[in-house]
>>> print(open('protein.pdb').read())   # PDB, C-alpha atoms
ATOM      1  CA  MET A  29     -81.740 -46.547 -58.030  1.00  0.00           C
ATOM      2  CA  PRO A  30     -83.470 -43.126 -57.790  1.00  0.00           C
ATOM      3  CA  THR A  31     -82.098 -40.492 -55.474  1.00  0.00           C
ATOM      4  CA  PRO A  32     -84.204 -39.243 -52.521  1.00  0.00           C
ATOM      5  CA  ALA A  33     -84.868 -35.974 -54.374  1.00  0.00           C
ATOM      6  CA  GLU A  34     -86.227 -37.854 -57.392  1.00  0.00           C
ATOM      7  CA  LEU A  35     -88.477 -39.954 -55.139  1.00  0.00           C
ATOM      8  CA  ARG A  36     -89.902 -36.781 -53.567  1.00  0.00           C
ATOM      9  CA  ARG A  37     -90.603 -35.328 -57.005  1.00  0.00           C
ATOM     10  CA  GLN A  38     -92.398 -38.491 -58.081  1.00  0.00           C
ATOM     11  CA  ARG A  39     -94.602 -38.495 -54.969  1.00  0.00           C
ATOM     12  CA  ARG A  40     -95.394 -34.825 -55.345  1.00  0.00           C
ATOM     13  CA  GLY A  41     -96.434 -35.098 -58.952  1.00  0.00           C
ATOM     14  CA  THR A  42     -96.024 -32.572 -61.692  1.00  0.00           C
ATOM     15  CA  GLY A  43     -99.033 -30.414 -60.815  1.00  0.00           C
ATOM     16  CA  GLN A  44     -99.105 -26.660 -61.117  1.00  0.00           C
ATOM     17  CA  ARG A  45     -97.173 -24.720 -58.546  1.00  0.00           C
ATOM     18  CA  PRO A  46     -99.160 -22.155 -56.548  1.00  0.00           C
ATOM     19  CA  ALA A  47     -99.000 -18.625 -57.879  1.00  0.00           C
ATOM     20  CA  GLU A  48     -96.358 -16.362 -56.403  1.00  0.00           C
ATOM     21  CA  PRO A  49     -97.692 -13.797 -53.930  1.00  0.00           C
ATOM     22  CA  PRO A  50     -97.904 -10.272 -55.306  1.00  0.00           C
ATOM     23  CA  GLY A  51     -95.010  -7.925 -54.622  1.00  0.00           C
ATOM     24  CA  VAL A  52     -94.899  -6.878 -51.004  1.00  0.00           C
ATOM     25  CA  GLU A  53     -94.395  -3.223 -50.238  1.00  0.00           C
ATOM     26  CA  ILE A  54     -92.754  -1.905 -47.102  1.00  0.00           C
ATOM     27  CA  PRO A  55     -95.629  -0.333 -45.171  1.00  0.00           C
ATOM     28  CA  PHE A  56     -93.546   2.383 -43.507  1.00  0.00           C
ATOM     29  CA  GLY A  57     -91.841   5.330 -45.119  1.00  0.00           C
ATOM     30  CA  LYS A  58     -88.997   7.589 -44.093  1.00  0.00           C
ATOM     31  CA  LYS A  59     -91.299   9.749 -41.987  1.00  0.00           C
ATOM     32  CA  ASN A  60     -92.470   6.714 -39.981  1.00  0.00           C
ATOM     33  CA  TYR A  61     -88.923   5.600 -39.229  1.00  0.00           C
ATOM     34  CA  ILE A  62     -87.981   9.109 -38.075  1.00  0.00           C
ATOM     35  CA  ILE A  63     -90.921   9.067 -35.650  1.00  0.00           C
ATOM     36  CA  PHE A  64     -89.928   5.565 -34.451  1.00  0.00           C
ATOM     37  CA  GLY A  65     -86.379   6.798 -33.876  1.00  0.00           C
ATOM     38  CA  LEU A  66     -87.650   9.779 -31.926  1.00  0.00           C
ATOM     39  CA  ALA A  67     -89.852   7.457 -29.858  1.00  0.00           C
ATOM     40  CA  ALA A  68     -86.860   5.227 -29.120  1.00  0.00           C
ATOM     41  CA  LEU A  69     -84.818   8.229 -27.973  1.00  0.00           C
ATOM     42  CA  VAL A  70     -87.644   9.480 -25.747  1.00  0.00           C
ATOM     43  CA  ILE A  71     -88.121   5.994 -24.248  1.00  0.00           C
ATOM     44  CA  LEU A  72     -84.391   5.551 -23.618  1.00  0.00           C
ATOM     45  CA  THR A  73     -84.255   8.986 -22.020  1.00  0.00           C
ATOM     46  CA  GLY A  74     -87.202   8.013 -19.835  1.00  0.00           C
ATOM     47  CA  TYR A  75     -85.408   4.877 -18.648  1.00  0.00           C
ATOM     48  CA  LEU A  76     -82.265   6.923 -18.019  1.00  0.00           C
ATOM     49  CA  PHE A  77     -84.228   9.328 -15.820  1.00  0.00           C
ATOM     50  CA  LEU A  78     -85.874   6.349 -14.113  1.00  0.00           C
ATOM     51  CA  SER A  79     -82.481   4.882 -13.258  1.00  0.00           C
ATOM     52  CA  LYS A  80     -81.475   8.221 -11.722  1.00  0.00           C
ATOM     53  CA  GLY A  81     -84.508   8.084  -9.418  1.00  0.00           C
ATOM     54  CA  SER A  82     -86.826  10.577 -11.121  1.00  0.00           C
ATOM     55  CA  ILE A  83     -90.453   9.883 -10.297  1.00  0.00           C
ATOM     56  CA  THR A  84     -91.920  12.737 -12.327  1.00  0.00           C
ATOM     57  CA  VAL A  85     -90.024  13.145 -15.610  1.00  0.00           C
ATOM     58  CA  ALA A  86     -89.406   9.439 -16.290  1.00  0.00           C
ATOM     59  CA  PRO A  87     -93.072   8.328 -16.352  1.00  0.00           C
ATOM     60  CA  ILE A  88     -94.018  11.293 -18.521  1.00  0.00           C
ATOM     61  CA  LEU A  89     -91.310  10.466 -21.079  1.00  0.00           C
ATOM     62  CA  LEU A  90     -92.136   6.747 -21.065  1.00  0.00           C
ATOM     63  CA  LEU A  91     -95.849   7.383 -21.559  1.00  0.00           C
ATOM     64  CA  LEU A  92     -95.081   9.911 -24.304  1.00  0.00           C
ATOM     65  CA  GLY A  93     -92.894   7.396 -26.111  1.00  0.00           C
ATOM     66  CA  TYR A  94     -95.060   4.306 -25.728  1.00  0.00           C
ATOM     67  CA  LEU A  95     -98.567   5.766 -25.888  1.00  0.00           C
ATOM     68  CA  VAL A  96     -98.140   8.743 -28.202  1.00  0.00           C
ATOM     69  CA  LEU A  97     -95.078   8.543 -30.466  1.00  0.00           C
ATOM     70  CA  ILE A  98     -95.126   4.843 -31.369  1.00  0.00           C
ATOM     71  CA  PRO A  99     -98.840   4.878 -32.341  1.00  0.00           C
ATOM     72  CA  ILE A 100     -98.275   8.066 -34.337  1.00  0.00           C
ATOM     73  CA  GLY A 101     -95.360   6.332 -36.104  1.00  0.00           C
ATOM     74  CA  ILE A 102     -97.583   3.378 -36.958  1.00  0.00           C
ATOM     75  CA  LEU A 103    -100.619   5.376 -38.092  1.00  0.00           C
ATOM     76  CA  THR A 104     -98.841   8.130 -40.055  1.00  0.00           C
ATOM     77  CA  LYS A 105     -98.822   7.649 -43.822  1.00  0.00           C
TER      78      LYS A 105
END
>>> encode(input="protein.pdb", output="structure tokens")
Amino acid sequence: MPTPAELRRQRRGTGQRPAEPPGVEIPFGKKNYIIFGLAALVILTGYLFLSKGSITVAPILLLLGYLVLIPIGILTK
């Protein structure tokens, strides 16, 4: 009696397997990760100021982190 794995192989056939995808490169370099880290620090600092009740510094830091530093980190090569 064939095992379940053998039955699956028989149903599948012995056709060609699809080609392996080409090697995938990591799209970000060291510079990008440094900018992402800086953005994370600026954003965390903004939330810290927000928790202390700052209504001027906190929004500036949060906007700087989310709208300036993260896009720069993504777009920099």
>>> atom_distance(input="protein.pdb", atom1="CA of Ala68 (chain A)", atom2="CA of Thr84 (chain A)")
19.1 Å
>>> residues_around(input="protein.pdb", residues="Gly101 (chain A)", least_positions_apart="6", cutoff="7 Å", atoms="all atoms listed in the file", output="MDAnalysis selection string")
chainID A and resid 60 63:64
>>> residues_around(input="protein.pdb", residues="region 87-92 of chain A", least_positions_apart="4", cutoff="10 Å", atoms="all atoms listed in the file", output="mmCIF file with C-alpha atoms, in the frame of the given file")
data_model
loop_
_atom_site.group_PDB
_atom_site.id
_atom_site.type_symbol
_atom_site.label_atom_id
_atom_site.label_comp_id
_atom_site.auth_asym_id
_atom_site.auth_seq_id
_atom_site.Cartn_x
_atom_site.Cartn_y
_atom_site.Cartn_z
ATOM 1 C CA ALA A 67 -89.852 7.457 -29.858
ATOM 2 C CA ALA A 68 -86.860 5.227 -29.120
ATOM 3 C CA LEU A 69 -84.818 8.229 -27.973
ATOM 4 C CA VAL A 70 -87.644 9.480 -25.747
ATOM 5 C CA ILE A 71 -88.121 5.994 -24.248
ATOM 6 C CA LEU A 72 -84.391 5.551 -23.618
ATOM 7 C CA THR A 73 -84.255 8.986 -22.020
ATOM 8 C CA GLY A 74 -87.202 8.013 -19.835
ATOM 9 C CA TYR A 75 -85.408 4.877 -18.648
ATOM 10 C CA PHE A 77 -84.228 9.328 -15.820
ATOM 11 C CA LEU A 78 -85.874 6.349 -14.113
ATOM 12 C CA SER A 82 -86.826 10.577 -11.121
ATOM 13 C CA ILE A 83 -90.453 9.883 -10.297
ATOM 14 C CA VAL A 96 -98.140 8.743 -28.202
ATOM 15 C CA LEU A 97 -95.078 8.543 -30.466
ATOM 16 C CA ILE A 98 -95.126 4.843 -31.369
#
>>> resolve_selection(input="protein.pdb", expression="the PyMOL selection byres ((chain A and resi 56) around 9)", output="ChimeraX atom specification")
/A:53-55,57-61,101-102,104-105
>>> write_last_selection(input="protein.pdb", atoms="C-alpha atoms", output="PDB file, in the frame of the given file")
ATOM      1  CA  GLU A  53     -94.395  -3.223 -50.238  1.00  0.00           C
ATOM      2  CA  ILE A  54     -92.754  -1.905 -47.102  1.00  0.00           C
ATOM      3  CA  PRO A  55     -95.629  -0.333 -45.171  1.00  0.00           C
ATOM      4  CA  GLY A  57     -91.841   5.330 -45.119  1.00  0.00           C
ATOM      5  CA  LYS A  58     -88.997   7.589 -44.093  1.00  0.00           C
ATOM      6  CA  LYS A  59     -91.299   9.749 -41.987  1.00  0.00           C
ATOM      7  CA  ASN A  60     -92.470   6.714 -39.981  1.00  0.00           C
ATOM      8  CA  TYR A  61     -88.923   5.600 -39.229  1.00  0.00           C
ATOM      9  CA  GLY A 101     -95.360   6.332 -36.104  1.00  0.00           C
ATOM     10  CA  ILE A 102     -97.583   3.378 -36.958  1.00  0.00           C
ATOM     11  CA  THR A 104     -98.841   8.130 -40.055  1.00  0.00           C
ATOM     12  CA  LYS A 105     -98.822   7.649 -43.822  1.00  0.00           C
TER      13      LYS A 105
END
>>> atom_distance(input="protein.pdb", atom1="CA of Gly93 (chain A)", atom2="CA of Ser79 (chain A)")
16.7 Å
>>> decode(input="protein.pdb", residues="chain A", atoms="C-alpha atoms", output="PDB file, in the first residue's frame")
ATOM      1  CA  MET A  29       0.000   0.000   0.000  1.00  0.00           C
ATOM      2  CA  PRO A  30       1.537   3.367  -1.027  1.00  0.00           C
ATOM      3  CA  THR A  31       2.170   6.011   1.580  1.00  0.00           C
ATOM      4  CA  PRO A  32       0.316   9.365   1.405  1.00  0.00           C
ATOM      5  CA  ALA A  33       3.512  11.071   0.208  1.00  0.00           C
ATOM      6  CA  GLU A  34       3.856   8.608  -2.674  1.00  0.00           C
ATOM      7  CA  LEU A  35       0.210   9.157  -3.650  1.00  0.00           C
ATOM      8  CA  ARG A  36       0.785  12.929  -3.762  1.00  0.00           C
ATOM      9  CA  ARG A  37       3.835  12.453  -5.974  1.00  0.00           C
ATOM     10  CA  GLN A  38       1.878  10.249  -8.362  1.00  0.00           C
ATOM     11  CA  ARG A  39      -0.944  12.797  -8.659  1.00  0.00           C
ATOM     12  CA  ARG A  40       1.480  15.642  -9.175  1.00  0.00           C
ATOM     13  CA  GLY A  41       3.390  13.930 -11.930  1.00  0.00           C
ATOM     14  CA  THR A  42       7.043  14.178 -12.733  1.00  0.00           C
ATOM     15  CA  GLY A  43       6.896  17.462 -14.650  1.00  0.00           C
ATOM     16  CA  GLN A  44       9.561  20.119 -14.505  1.00  0.00           C
ATOM     17  CA  ARG A  45       9.746  22.158 -11.355  1.00  0.00           C
ATOM     18  CA  PRO A  46       9.446  25.932 -11.788  1.00  0.00           C
ATOM     19  CA  ALA A  47      12.734  27.779 -11.990  1.00  0.00           C
ATOM     20  CA  GLU A  48      14.102  29.187  -8.761  1.00  0.00           C
ATOM     21  CA  PRO A  49      13.697  32.952  -8.394  1.00  0.00           C
ATOM     22  CA  PRO A  50      16.888  34.922  -8.938  1.00  0.00           C
ATOM     23  CA  GLY A  51      18.929  35.866  -5.890  1.00  0.00           C
ATOM     24  CA  VAL A  52      17.220  38.534  -3.848  1.00  0.00           C
ATOM     25  CA  GLU A  53      19.289  41.456  -2.676  1.00  0.00           C
ATOM     26  CA  ILE A  54      18.585  43.452   0.453  1.00  0.00           C
ATOM     27  CA  PRO A  55      17.383  46.809  -0.869  1.00  0.00           C
ATOM     28  CA  PHE A  56      18.742  48.879   2.022  1.00  0.00           C
ATOM     29  CA  GLY A  57      22.338  49.521   2.941  1.00  0.00           C
ATOM     30  CA  LYS A  58      24.074  50.603   6.113  1.00  0.00           C
ATOM     31  CA  LYS A  59      23.330  54.261   5.427  1.00  0.00           C
ATOM     32  CA  ASN A  60      19.585  53.549   5.157  1.00  0.00           C
ATOM     33  CA  TYR A  61      19.503  51.696   8.465  1.00  0.00           C
ATOM     34  CA  ILE A  62      21.356  54.541  10.196  1.00  0.00           C
ATOM     35  CA  ILE A  63      18.732  56.989   8.915  1.00  0.00           C
ATOM     36  CA  PHE A  64      15.929  54.627  10.038  1.00  0.00           C
ATOM     37  CA  GLY A  65      17.521  54.424  13.484  1.00  0.00           C
ATOM     38  CA  LEU A  66      17.763  58.192  13.679  1.00  0.00           C
ATOM     39  CA  ALA A  67      14.112  58.458  12.628  1.00  0.00           C
ATOM     40  CA  ALA A  68      13.117  55.991  15.346  1.00  0.00           C
ATOM     41  CA  LEU A  69      15.001  58.014  17.966  1.00  0.00           C
ATOM     42  CA  VAL A  70      13.403  61.270  16.806  1.00  0.00           C
ATOM     43  CA  ILE A  71       9.928  59.673  16.827  1.00  0.00           C
ATOM     44  CA  LEU A  72      10.431  58.179  20.294  1.00  0.00           C
ATOM     45  CA  THR A  73      11.673  61.531  21.556  1.00  0.00           C
ATOM     46  CA  GLY A  74       8.592  63.162  20.057  1.00  0.00           C
ATOM     47  CA  TYR A  75       6.303  60.744  21.894  1.00  0.00           C
ATOM     48  CA  LEU A  76       8.263  61.336  25.099  1.00  0.00           C
ATOM     49  CA  PHE A  77       7.730  65.088  24.773  1.00  0.00           C
ATOM     50  CA  LEU A  78       4.067  64.449  23.950  1.00  0.00           C
ATOM     51  CA  SER A  79       3.631  62.450  27.145  1.00  0.00           C
ATOM     52  CA  LYS A  80       5.136  65.347  29.110  1.00  0.00           C
ATOM     53  CA  GLY A  81       2.500  67.698  27.679  1.00  0.00           C
ATOM     54  CA  SER A  82       4.539  69.574  25.069  1.00  0.00           C
ATOM     55  CA  ILE A  83       2.335  70.958  22.322  1.00  0.00           C
ATOM     56  CA  THR A  84       5.113  72.584  20.307  1.00  0.00           C
ATOM     57  CA  VAL A  85       8.217  70.371  20.293  1.00  0.00           C
ATOM     58  CA  ALA A  86       6.424  67.004  20.118  1.00  0.00           C
ATOM     59  CA  PRO A  87       4.530  67.620  16.845  1.00  0.00           C
ATOM     60  CA  ILE A  88       7.645  69.045  15.217  1.00  0.00           C
ATOM     61  CA  LEU A  89       9.709  65.974  16.147  1.00  0.00           C
ATOM     62  CA  LEU A  90       6.967  63.549  15.090  1.00  0.00           C
ATOM     63  CA  LEU A  91       6.505  65.252  11.726  1.00  0.00           C
ATOM     64  CA  LEU A  92      10.280  65.355  11.225  1.00  0.00           C
ATOM     65  CA  GLY A  93      10.549  61.640  11.932  1.00  0.00           C
ATOM     66  CA  TYR A  94       7.536  60.419   9.978  1.00  0.00           C
ATOM     67  CA  LEU A  95       7.461  62.831   7.039  1.00  0.00           C
ATOM     68  CA  VAL A  96      11.132  63.635   6.511  1.00  0.00           C
ATOM     69  CA  LEU A  97      13.529  61.044   7.954  1.00  0.00           C
ATOM     70  CA  ILE A  98      11.672  57.830   7.097  1.00  0.00           C
ATOM     71  CA  PRO A  99      11.134  58.832   3.430  1.00  0.00           C
ATOM     72  CA  ILE A 100      14.775  59.907   3.202  1.00  0.00           C
ATOM     73  CA  GLY A 101      15.773  56.500   4.626  1.00  0.00           C
ATOM     74  CA  ILE A 102      13.664  54.744   2.006  1.00  0.00           C
ATOM     75  CA  LEU A 103      14.757  56.844  -0.975  1.00  0.00           C
ATOM     76  CA  THR A 104      18.486  57.126  -0.191  1.00  0.00           C
ATOM     77  CA  LYS A 105      20.713  54.747  -2.142  1.00  0.00           C
TER      78      LYS A 105
END
